[in-house]
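> This one is query_34.txt, compact mmCIF, C-alpha atoms and all ligand atoms.
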# COMPACT_ATOMS: atom_id res chain seq x y z
CA MET A 14 -23.42 23.84 -4.76
CA ILE A 15 -21.78 21.55 -7.30
CA PRO A 16 -23.43 18.12 -7.19
CA GLN A 17 -21.02 15.48 -6.04
CA THR A 18 -20.33 12.36 -8.05
CA PRO A 19 -20.79 9.06 -6.21
CA LEU A 20 -17.03 8.60 -6.05
CA ALA A 21 -16.45 12.08 -4.64
CA GLN A 22 -19.07 11.36 -2.02
CA LYS A 23 -17.55 8.02 -1.04
CA LEU A 24 -14.14 9.62 -0.87
CA ARG A 25 -15.45 12.28 1.49
CA GLU A 26 -17.03 9.62 3.67
CA VAL A 27 -13.84 7.60 3.82
CA GLN A 28 -11.76 10.70 4.53
CA SER A 29 -14.01 11.78 7.35
CA ARG A 30 -13.93 8.27 8.86
CA ILE A 31 -10.13 8.33 8.65
CA ALA A 32 -10.06 11.73 10.35
CA ALA A 33 -12.48 10.62 13.07
CA ALA A 34 -10.47 7.46 13.77
CA ALA A 35 -7.26 9.48 13.97
CA ILE A 36 -8.75 12.04 16.33
CA ALA A 37 -10.22 9.29 18.53
CA ALA A 38 -6.68 7.90 18.81
CA ARG A 39 -5.31 11.38 19.61
CA ARG A 40 -3.47 11.47 16.34
CA SER A 41 -3.51 14.04 13.58
CA PRO A 42 -5.52 13.02 10.50
CA SER A 43 -2.60 14.28 8.41
CA GLU A 44 -0.51 11.36 9.72
CA VAL A 45 -2.65 8.90 7.77
CA THR A 46 -2.20 8.57 4.01
CA LEU A 47 -5.03 7.09 2.00
CA VAL A 48 -3.86 4.67 -0.66
CA ALA A 49 -6.76 4.21 -3.08
CA VAL A 50 -6.71 0.59 -4.20
CA THR A 51 -7.89 0.63 -7.79
CA LYS A 52 -8.32 -3.13 -8.35
CA THR A 53 -12.06 -2.79 -8.92
CA ALA A 54 -12.01 0.74 -10.39
CA VAL A 55 -12.55 1.62 -14.02
CA PRO A 56 -10.05 3.98 -15.70
CA GLU A 57 -12.40 6.99 -15.46
CA GLN A 58 -12.61 6.51 -11.70
CA ILE A 59 -8.84 6.40 -11.41
CA ARG A 60 -8.57 9.70 -13.25
CA GLU A 61 -11.34 11.16 -11.15
CA ILE A 62 -9.87 10.21 -7.81
CA LEU A 63 -6.53 11.64 -8.89
CA ALA A 64 -8.22 14.88 -9.86
CA LEU A 65 -9.86 14.85 -6.42
CA GLY A 66 -6.38 14.98 -4.93
CA ILE A 67 -5.64 11.35 -4.12
CA VAL A 68 -2.19 10.69 -5.56
CA ASP A 69 -1.41 7.40 -3.83
CA LEU A 70 -2.85 4.55 -5.89
CA GLY A 71 -2.49 0.84 -5.18
CA GLU A 72 -2.70 -2.35 -7.20
CA SER A 73 -2.06 -5.90 -6.11
CA ARG A 74 -0.95 -7.37 -9.43
CA VAL A 75 2.09 -6.34 -11.39
CA GLN A 76 0.56 -6.47 -14.84
CA GLN A 77 -2.42 -4.38 -13.85
CA LEU A 78 -0.28 -1.81 -12.05
CA VAL A 79 2.02 -1.42 -15.04
CA GLN A 80 -0.88 -1.12 -17.48
CA ARG A 81 -2.85 1.33 -15.43
CA SER A 82 0.14 3.45 -14.65
CA ALA A 83 0.95 3.68 -18.37
CA GLN A 84 -2.66 4.53 -19.27
CA LEU A 85 -2.82 7.24 -16.67
CA THR A 86 0.53 8.74 -17.63
CA GLU A 87 -0.54 8.85 -21.26
CA TYR A 88 -3.82 10.49 -20.36
CA LEU A 89 -2.08 13.10 -18.21
CA GLN A 90 0.41 13.88 -20.97
CA ARG A 91 -2.36 14.31 -23.53
CA ARG A 92 -4.10 16.65 -21.17
CA VAL A 93 -1.01 18.78 -20.76
CA VAL A 94 -0.83 19.16 -24.52
CA HIS A 95 -4.50 19.71 -25.28
CA ALA A 96 -6.03 21.32 -22.25
CA ALA A 97 -3.63 23.93 -21.06
CA ASP A 98 -6.54 25.82 -19.52
CA SER A 99 -7.52 23.26 -16.87
CA ALA A 100 -5.60 22.71 -13.68
CA PRO A 101 -2.96 20.01 -14.03
CA SER A 102 -3.60 16.80 -12.11
CA PRO A 103 -0.90 15.93 -9.63
CA ARG A 104 1.42 13.06 -10.46
CA PRO A 105 0.27 9.68 -9.18
CA ARG A 106 2.36 7.50 -6.89
CA TRP A 107 1.81 3.81 -7.50
CA HIS A 108 1.97 1.31 -4.65
CA MET A 109 2.39 -2.41 -5.26
CA ILE A 110 0.44 -3.87 -2.37
CA GLY A 111 0.10 -7.53 -3.31
CA HIS A 112 2.44 -10.47 -3.22
CA LEU A 113 5.36 -9.93 -5.58
CA GLN A 114 7.09 -12.71 -7.46
CA ARG A 115 10.77 -12.32 -8.19
CA ASN A 116 10.38 -12.84 -11.92
CA LYS A 117 8.10 -9.79 -12.09
CA VAL A 118 10.35 -7.34 -10.28
CA LYS A 119 12.04 -6.05 -13.39
CA ALA A 120 8.77 -5.27 -15.17
CA LEU A 121 7.39 -3.54 -12.10
CA LEU A 122 10.23 -1.20 -11.16
CA PRO A 123 9.82 1.54 -13.78
CA SER A 124 6.17 2.07 -12.79
CA VAL A 125 6.17 1.80 -9.01
CA GLN A 126 6.97 4.17 -6.16
CA VAL A 127 6.42 1.96 -3.10
CA ILE A 128 6.44 -1.83 -2.81
CA HIS A 129 4.57 -2.99 0.29
CA GLY A 130 4.91 -6.76 0.28
CA VAL A 131 8.59 -7.64 0.67
CA ASP A 132 8.79 -10.75 2.80
CA SER A 133 11.91 -12.71 1.93
CA LEU A 134 15.62 -12.17 1.52
CA ARG A 135 15.56 -13.62 -1.99
CA LEU A 136 12.93 -11.14 -3.10
CA ALA A 137 14.83 -8.27 -1.47
CA GLU A 138 18.02 -9.35 -3.23
CA GLU A 139 16.29 -9.39 -6.58
CA LEU A 140 14.85 -5.95 -5.87
CA GLU A 141 18.31 -4.68 -4.96
CA THR A 142 19.86 -6.09 -8.14
CA GLN A 143 17.18 -4.74 -10.44
CA SER A 144 16.99 -1.35 -8.69
CA GLN A 145 20.70 -0.94 -9.14
CA ARG A 146 20.38 -1.75 -12.85
CA ALA A 147 17.49 0.67 -13.17
CA GLY A 148 19.49 3.33 -11.37
CA LYS A 149 16.88 3.88 -8.70
CA ARG A 150 16.56 3.60 -4.97
CA GLN A 151 13.34 1.69 -4.42
CA ALA A 152 11.11 2.32 -1.42
CA VAL A 153 9.98 -0.97 0.11
CA MET A 154 8.07 -2.19 3.12
CA LEU A 155 8.55 -5.40 4.98
CA GLN A 156 5.39 -7.48 5.12
CA LEU A 157 4.84 -8.98 8.52
CA ASN A 158 2.77 -12.05 9.26
CA ALA A 159 1.58 -11.01 12.68
CA GLY A 160 -1.52 -13.20 12.75
CA GLU A 161 -1.99 -16.19 14.94
CA GLU A 162 -2.74 -18.56 12.13
CA PRO A 163 -0.26 -19.53 9.48
CA GLN A 164 -0.72 -17.09 6.63
CA LYS A 165 0.64 -17.41 3.21
CA PHE A 166 2.64 -14.23 2.95
CA GLY A 167 4.70 -12.14 5.29
CA VAL A 168 7.76 -12.75 7.40
CA ALA A 169 7.25 -14.28 10.85
CA VAL A 170 7.46 -11.88 13.77
CA GLY A 171 10.57 -13.59 15.11
CA ALA A 172 12.46 -13.14 11.86
CA ALA A 173 11.35 -9.59 11.05
CA VAL A 174 14.05 -7.58 12.77
CA HIS A 175 16.85 -9.54 11.16
CA LEU A 176 15.33 -9.40 7.67
CA GLY A 177 14.66 -5.70 8.18
CA GLU A 178 18.33 -5.16 8.97
CA GLN A 179 19.37 -7.02 5.86
CA ILE A 180 17.03 -5.01 3.64
CA ALA A 181 18.06 -1.73 5.25
CA SER A 182 21.69 -2.48 4.43
CA MET A 183 20.99 -2.77 0.69
CA PRO A 184 22.10 0.45 -0.99
CA HIS A 185 19.40 0.55 -3.66
CA LEU A 186 16.51 -0.13 -1.33
CA ALA A 187 14.96 2.25 1.18
CA LEU A 188 13.11 0.45 3.93
CA VAL A 189 10.23 2.82 4.64
CA GLY A 190 8.02 0.74 6.91
CA LEU A 191 6.08 -2.37 7.78
CA MET A 192 2.97 -3.72 6.11
CA THR A 193 0.50 -6.23 7.45
CA MET A 194 -2.87 -7.77 6.70
CA ALA A 195 -5.27 -9.00 9.33
CA PRO A 196 -6.37 -12.59 8.80
CA LEU A 197 -9.02 -12.62 6.10
CA ASP A 198 -11.59 -14.28 8.33
CA ALA A 199 -11.10 -11.85 11.21
CA GLY A 200 -13.29 -9.10 9.83
CA ALA A 201 -14.32 -6.41 12.24
CA GLY A 202 -16.66 -8.77 14.07
CA ALA A 203 -16.44 -9.46 17.78
CA GLY A 204 -15.13 -5.94 18.16
CA GLY A 205 -12.40 -6.81 15.67
CA ASP A 206 -10.29 -8.26 18.47
CA LYS A 207 -8.26 -10.51 16.27
CA SER A 208 -7.52 -7.81 13.70
CA ARG A 209 -6.67 -5.38 16.42
CA ARG A 210 -4.17 -7.79 17.98
CA VAL A 211 -2.49 -8.25 14.60
CA PHE A 212 -2.20 -4.47 14.16
CA ALA A 213 -0.94 -3.98 17.70
CA ARG A 214 1.67 -6.72 17.28
CA THR A 215 2.83 -5.11 14.04
CA ARG A 216 3.20 -1.79 15.77
CA GLU A 217 5.30 -3.40 18.50
CA VAL A 218 7.67 -4.84 15.93
CA PHE A 219 7.73 -1.45 14.18
CA GLU A 220 8.69 0.26 17.42
CA GLU A 221 11.32 -2.32 18.17
CA MET A 222 12.87 -1.77 14.76
CA ARG A 223 12.82 1.98 15.21
CA TRP A 224 14.47 1.56 18.58
CA HIS A 225 17.24 -0.33 16.79
CA LYS A 226 17.31 2.50 14.21
CA ILE A 227 16.78 0.03 11.38
CA GLY A 228 16.10 1.92 8.16
CA GLY A 229 16.91 5.27 9.76
CA PRO A 230 14.58 8.25 9.54
CA SER A 231 12.84 6.99 6.38
CA PHE A 232 11.52 3.98 8.30
CA LYS A 233 8.28 5.61 9.39
CA HIS A 234 5.29 3.89 7.83
CA LEU A 235 2.83 1.32 9.05
CA SER A 236 0.74 0.14 6.11
CA MET A 237 -2.28 -1.56 7.63
CA GLY A 238 -6.03 -1.40 7.36
CA MET A 239 -8.42 -2.07 4.46
CA SER A 240 -12.05 -1.15 3.81
CA HIS A 241 -13.43 -3.27 6.63
CA ASP A 242 -10.84 -2.64 9.32
CA PHE A 243 -9.03 0.65 8.69
CA GLU A 244 -10.40 2.34 11.79
CA LEU A 245 -8.92 -0.36 14.00
CA ALA A 246 -5.63 -0.04 12.16
CA ILE A 247 -5.56 3.72 12.66
CA ALA A 248 -6.25 3.19 16.36
CA GLU A 249 -3.10 1.04 16.41
CA GLY A 250 -0.94 3.54 14.56
CA ALA A 251 -1.43 2.97 10.82
CA THR A 252 0.10 5.71 8.67
CA MET A 253 -1.13 4.22 5.38
CA VAL A 254 -4.50 2.63 4.85
CA ARG A 255 -5.17 0.67 1.66
CA ILE A 256 -8.78 1.13 0.69
CA GLY A 257 -10.52 -0.28 -2.37
CA THR A 258 -14.13 -1.42 -2.06
CA ALA A 259 -15.23 1.42 0.24
CA LEU A 260 -14.32 3.80 -2.59
CA PHE A 261 -14.96 1.89 -5.79
CA GLY A 262 -17.40 -0.80 -4.71
CA GLY A 263 -17.19 -4.21 -6.29
CA GLU A 264 -16.35 -7.48 -4.74
CA PRO A 265 -13.40 -7.52 -2.42
CA HIS A 266 -10.64 -9.22 -4.34
CA HIS A 267 -9.10 -11.10 -1.47
CA GLU A 268 -9.00 -14.23 -3.58
CA GLU A 269 -6.35 -12.63 -5.72
CA GLN A 270 -3.91 -12.77 -2.87
CA LEU A 271 -4.43 -16.49 -2.66
CA ALA A 272 -4.76 -17.15 -6.36
CA ASP A 273 -1.54 -15.41 -7.28
CA GLU A 274 0.44 -18.33 -6.06
CA GLY A 275 3.56 -19.77 -7.62
C1 LIG A 301 -7.35 -5.51 -2.31
C2 LIG A 301 -6.40 -5.14 -1.24
C3 LIG A 301 -6.69 -4.07 -0.38
C4 LIG A 301 -8.00 -3.29 -0.43
O1 LIG A 301 -9.02 -4.09 0.08
P1 LIG A 301 -10.52 -3.52 0.22
O2 LIG A 301 -11.15 -4.49 1.13
O3 LIG A 301 -11.09 -3.51 -1.14
O4 LIG A 301 -10.41 -2.16 0.79
C5 LIG A 301 -5.75 -3.76 0.58
N1 LIG A 301 -4.59 -4.43 0.69
C6 LIG A 301 -4.28 -5.47 -0.12
C7 LIG A 301 -2.98 -6.17 0.06
C8 LIG A 301 -5.18 -5.86 -1.10
O5 LIG A 301 -4.86 -6.90 -1.90
Translate this file's structure into structure tokens.

Amino acid sequence: MIPQTPLAQKLREVQSRIAAAAIAARRSPSEVTLVAVTKTAVPEQIREILALGIVDLGESRVQQLVQRSAQLTEYLQRRVVHAADSAPSPRPRWHMIGHLQRNKVKALLPSVQVIHGVDSLRLAEELETQSQRAGKRQAVMLQLNAGEEPQKFGVAVGAAVHLGEQIASMPHLALVGLMTMAPLDAGAGAGGDKSRRVFARTREVFEEMRWHKIGGPSFKHLSMGMSHDFELAIAEGATMVRIGTALFGGEPHHEEQLADEG
């Protein structure tokens, strides 16, 4: 047997927990995509997890996503040239999962496949303008603030359907789903009741939007669940879980969400 690296082992653990949570919810594990959040990873780990078959990679800051995407692309190109004997790594898909400022949209677009945190009309309009200029149709998700406390980011539940309609009508954007974060203090404690309510509420809004056919058939993703609460999220219908520390260790970088203000 080939000895497993620590990362390969953690990945297997996370994947089997995802599968178990899906099965417990009478869902197919294949419905849940793992987005490996590389905030705390070193470049070698990013290459390794890609080689292990995880193509969906997430970053919460524009500059880091752009840099890491460029590094990885360069590495993969060098490999194609110099190591024709080894199996080619699949192409990565980069997800911008953090709060996005309008003045960074242009720099982000060439490197990103999915943008999770769209939460205002002004941001969506900037994305539409820049996507048109870049000649691309950008996949985006609407970030919902489904918590009970005021949270910094995300559109309020009552405004989500309308904003979703507006985004879905923009020709250079594809609205592919909803994203949410449980309140940072909710954890999985007390049975994770608070987190679970946030995920359930998000799924209700998701179903309402699907009922209205907003976004059409490409509107099919629920991006929710992180290292400490992804099983609850899967129980409530998550199709994308964003997992960092359970794979790469390190301190959870929640502060970044709050620090990236302005
Ligand atoms: C950092 C981050 C994650 C991953 O969090 P972990 O607790 O490390 O799994 C998920 N989503 C967002 C928006 C993040 O910023």
> Assuming 5 Å of padding per side, give the centre and edge lengths of the axis-aligned box around every listed atom of ligand LIG 301 (chain A), in Å to one decimal and as lines of an AutoDock Vina configuration file.

center_x = -7.1
center_y = -4.5
center_z = -0.6
size_x = 18.2
size_y = 14.7
size_z = 13.4
> Would you mind listing what lies within 6 Å of range 182-185 of chain A as number ranges by chain, with only C-alpha atoms counted and same-chain residues fewer than 2 positions away left out?
A: 141, 144-145, 150, 179-180
> Considering all atoms listed in the file, state which residue in the set A:Met192, A:Ala32, A:Ala213, A:Val218 is at the smallest distance from ligand LIG 301 (chain A).
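Checking each candidate against ligand LIG 301 (chain A), we get A:Met192 as the closest.
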> May I ask for the distance between CA of Pro42 in chain A and CA of Leu65 in chain A, given in Å to one decimal place?
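CA of Leu65 in chain A lies 17.6 Å from CA of Pro42 in chain A.
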> Mind listing the residues within 10 Å of ligand LIG 301 (chain A), only C-alpha atoms and all ligand atoms counted, as JSON, numbers by chain?
{"A": [48, 49, 50, 51, 52, 53, 71, 72, 73, 74, 109, 110, 111, 112, 129, 130, 156, 192, 193, 194, 195, 197, 236, 237, 238, 239, 240, 241, 242, 243, 254, 255, 256, 257, 258, 259, 260, 261, 262, 263, 264, 265, 266, 267, 268, 269, 270, 271]}
> Excluding Ile31 in chain A and residues on its chain fewer than 3 positions from it, collect all residues at most 9 Å away from it, counting all atoms listed in the file, and give them as a list in words.
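With the cut-off at 9 Å, the set is Glu26, Val27, Gln28, Ala34, Ala35, Ile36, Pro42, Val45, Leu47, Phe243, Glu244, Ile247 and Val254 of chain A.
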> Could you please determine the separation between CA of Phe232 in chain A and CA of Ala147 in chain A in Å, to one decimal place?
22.5 Å
> Hey, can you check how far CA of Thr46 in chain A sits from CA of Ala33 in chain A?
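That distance, rounded to one decimal, is 13.9 Å.
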> Between A:Arg104, A:Ser43, A:Ile62, A:Val118, which residue has the minimum interatomic distance to Gln22 in chain A, considering only C-alpha atoms?
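Smallest separation from Gln22 in chain A among the options: A:Ile62.
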> Smallest atom-to-atom distance to His234 in chain A: which of A:Val125, A:Leu136, A:Glu221, A:Glu44, using only C-alpha atoms?
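Checking each candidate against His234 in chain A, we get A:Glu44 as the closest.
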> Find, counting only C-alpha atoms, the residue in A:Val75, A:Ala37, A:Leu24, A:Val211 that gets nearest to Pro196 in chain A.
A:Val211
> As number ranges by chain, please: the residues near Ala173 in chain A (cut-off 9 Å, all atoms listed in the file, same-chain neighbours under 2 positions excluded).
A: 132, 155-157, 168-171, 175-178, 218, 222
> Pick from A:Pro123, A:Gly167, A:Gly190, A:Pro105: nearest to Met154 in chain A, with only C-alpha atoms counted?
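Ranking A:Pro123, A:Gly167, A:Gly190, A:Pro105 by distance to Met154 in chain A, first place goes to A:Gly190.
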> Between A:Trp224, A:Glu217, A:Leu186, A:Leu85, which one has atoms that come closest to Lys149 in chain A, using all atoms listed in the file?
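Distance minimum relative to Lys149 in chain A lands on A:Leu186.
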> Because the input lacks atoms here, generate N, CA and C atoms for range 209-234 of chain A and report them as a PDB file, in the frame of the given file.

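part_1.pdb written:
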ATOM      1  N   ARG A 209      -7.340  -6.387  15.604  1.00  0.00           N
ATOM      2  CA  ARG A 209      -6.670  -5.380  16.420  1.00  0.00           C
ATOM      3  C   ARG A 209      -5.377  -5.926  17.033  1.00  0.00           C
ATOM      4  N   ARG A 210      -5.393  -7.196  17.440  1.00  0.00           N
ATOM      5  CA  ARG A 210      -4.170  -7.790  17.980  1.00  0.00           C
ATOM      6  C   ARG A 210      -3.072  -7.851  16.916  1.00  0.00           C
ATOM      7  N   VAL A 211      -3.477  -8.188  15.694  1.00  0.00           N
ATOM      8  CA  VAL A 211      -2.490  -8.250  14.600  1.00  0.00           C
ATOM      9  C   VAL A 211      -1.873  -6.860  14.375  1.00  0.00           C
ATOM     10  N   PHE A 212      -2.713  -5.828  14.369  1.00  0.00           N
ATOM     11  CA  PHE A 212      -2.200  -4.470  14.160  1.00  0.00           C
ATOM     12  C   PHE A 212      -1.309  -4.035  15.326  1.00  0.00           C
ATOM     13  N   ALA A 213      -1.721  -4.375  16.525  1.00  0.00           N
ATOM     14  CA  ALA A 213      -0.940  -3.980  17.700  1.00  0.00           C
ATOM     15  C   ALA A 213       0.427  -4.673  17.701  1.00  0.00           C
ATOM     16  N   ARG A 214       0.409  -5.948  17.334  1.00  0.00           N
ATOM     17  CA  ARG A 214       1.670  -6.720  17.280  1.00  0.00           C
ATOM     18  C   ARG A 214       2.596  -6.106  16.232  1.00  0.00           C
ATOM     19  N   THR A 215       2.023  -5.714  15.103  1.00  0.00           N
ATOM     20  CA  THR A 215       2.830  -5.110  14.040  1.00  0.00           C
ATOM     21  C   THR A 215       3.445  -3.802  14.523  1.00  0.00           C
ATOM     22  N   ARG A 216       2.645  -3.038  15.260  1.00  0.00           N
ATOM     23  CA  ARG A 216       3.200  -1.790  15.770  1.00  0.00           C
ATOM     24  C   ARG A 216       4.332  -2.034  16.774  1.00  0.00           C
ATOM     25  N   GLU A 217       4.207  -3.091  17.560  1.00  0.00           N
ATOM     26  CA  GLU A 217       5.300  -3.400  18.500  1.00  0.00           C
ATOM     27  C   GLU A 217       6.592  -3.706  17.760  1.00  0.00           C
ATOM     28  N   VAL A 218       6.470  -4.511  16.709  1.00  0.00           N
ATOM     29  CA  VAL A 218       7.670  -4.840  15.930  1.00  0.00           C
ATOM     30  C   VAL A 218       8.236  -3.577  15.280  1.00  0.00           C
ATOM     31  N   PHE A 219       7.333  -2.733  14.787  1.00  0.00           N
ATOM     32  CA  PHE A 219       7.730  -1.450  14.180  1.00  0.00           C
ATOM     33  C   PHE A 219       8.523  -0.619  15.199  1.00  0.00           C
ATOM     34  N   GLU A 220       8.005  -0.544  16.412  1.00  0.00           N
ATOM     35  CA  GLU A 220       8.690   0.260  17.420  1.00  0.00           C
ATOM     36  C   GLU A 220      10.023  -0.343  17.816  1.00  0.00           C
ATOM     37  N   GLU A 221      10.058  -1.666  17.859  1.00  0.00           N
ATOM     38  CA  GLU A 221      11.320  -2.320  18.170  1.00  0.00           C
ATOM     39  C   GLU A 221      12.367  -2.001  17.097  1.00  0.00           C
ATOM     40  N   MET A 222      11.936  -2.047  15.841  1.00  0.00           N
ATOM     41  CA  MET A 222      12.870  -1.770  14.760  1.00  0.00           C
ATOM     42  C   MET A 222      13.329  -0.316  14.777  1.00  0.00           C
ATOM     43  N   ARG A 223      12.414   0.573  15.116  1.00  0.00           N
ATOM     44  CA  ARG A 223      12.820   1.980  15.210  1.00  0.00           C
ATOM     45  C   ARG A 223      13.794   2.191  16.361  1.00  0.00           C
ATOM     46  N   TRP A 224      13.577   1.458  17.434  1.00  0.00           N
ATOM     47  CA  TRP A 224      14.470   1.560  18.580  1.00  0.00           C
ATOM     48  C   TRP A 224      15.884   1.132  18.169  1.00  0.00           C
ATOM     49  N   HIS A 225      15.944   0.127  17.317  1.00  0.00           N
ATOM     50  CA  HIS A 225      17.240  -0.330  16.790  1.00  0.00           C
ATOM     51  C   HIS A 225      17.732   0.558  15.639  1.00  0.00           C
ATOM     52  N   LYS A 226      16.978   1.566  15.293  1.00  0.00           N
ATOM     53  CA  LYS A 226      17.310   2.500  14.210  1.00  0.00           C
ATOM     54  C   LYS A 226      17.459   1.810  12.851  1.00  0.00           C
ATOM     55  N   ILE A 227      16.743   0.731  12.668  1.00  0.00           N
ATOM     56  CA  ILE A 227      16.780   0.030  11.380  1.00  0.00           C
ATOM     57  C   ILE A 227      16.051   0.874  10.335  1.00  0.00           C
ATOM     58  N   GLY A 228      16.726   1.119   9.223  1.00  0.00           N
ATOM     59  CA  GLY A 228      16.100   1.920   8.160  1.00  0.00           C
ATOM     60  C   GLY A 228      16.244   3.417   8.362  1.00  0.00           C
ATOM     61  N   GLY A 229      16.689   3.840   9.524  1.00  0.00           N
ATOM     62  CA  GLY A 229      16.910   5.270   9.760  1.00  0.00           C
ATOM     63  C   GLY A 229      15.629   6.075   9.723  1.00  0.00           C
ATOM     64  N   PRO A 230      15.754   7.375   9.474  1.00  0.00           N
ATOM     65  CA  PRO A 230      14.580   8.250   9.540  1.00  0.00           C
ATOM     66  C   PRO A 230      13.515   7.940   8.488  1.00  0.00           C
ATOM     67  N   SER A 231      13.867   7.275   7.386  1.00  0.00           N
ATOM     68  CA  SER A 231      12.840   6.990   6.380  1.00  0.00           C
ATOM     69  C   SER A 231      11.956   5.812   6.779  1.00  0.00           C
ATOM     70  N   PHE A 232      12.354   5.090   7.815  1.00  0.00           N
ATOM     71  CA  PHE A 232      11.520   3.980   8.300  1.00  0.00           C
ATOM     72  C   PHE A 232      10.437   4.567   9.199  1.00  0.00           C
ATOM     73  N   LYS A 233       9.287   4.890   8.603  1.00  0.00           N
ATOM     74  CA  LYS A 233       8.280   5.610   9.390  1.00  0.00           C
ATOM     75  C   LYS A 233       6.849   5.212   9.061  1.00  0.00           C
ATOM     76  N   HIS A 234       6.660   4.202   8.225  1.00  0.00           N
ATOM     77  CA  HIS A 234       5.290   3.890   7.830  1.00  0.00           C
ATOM     78  C   HIS A 234       4.803   2.538   8.356  1.00  0.00           C
TER      79      HIS A 234
END
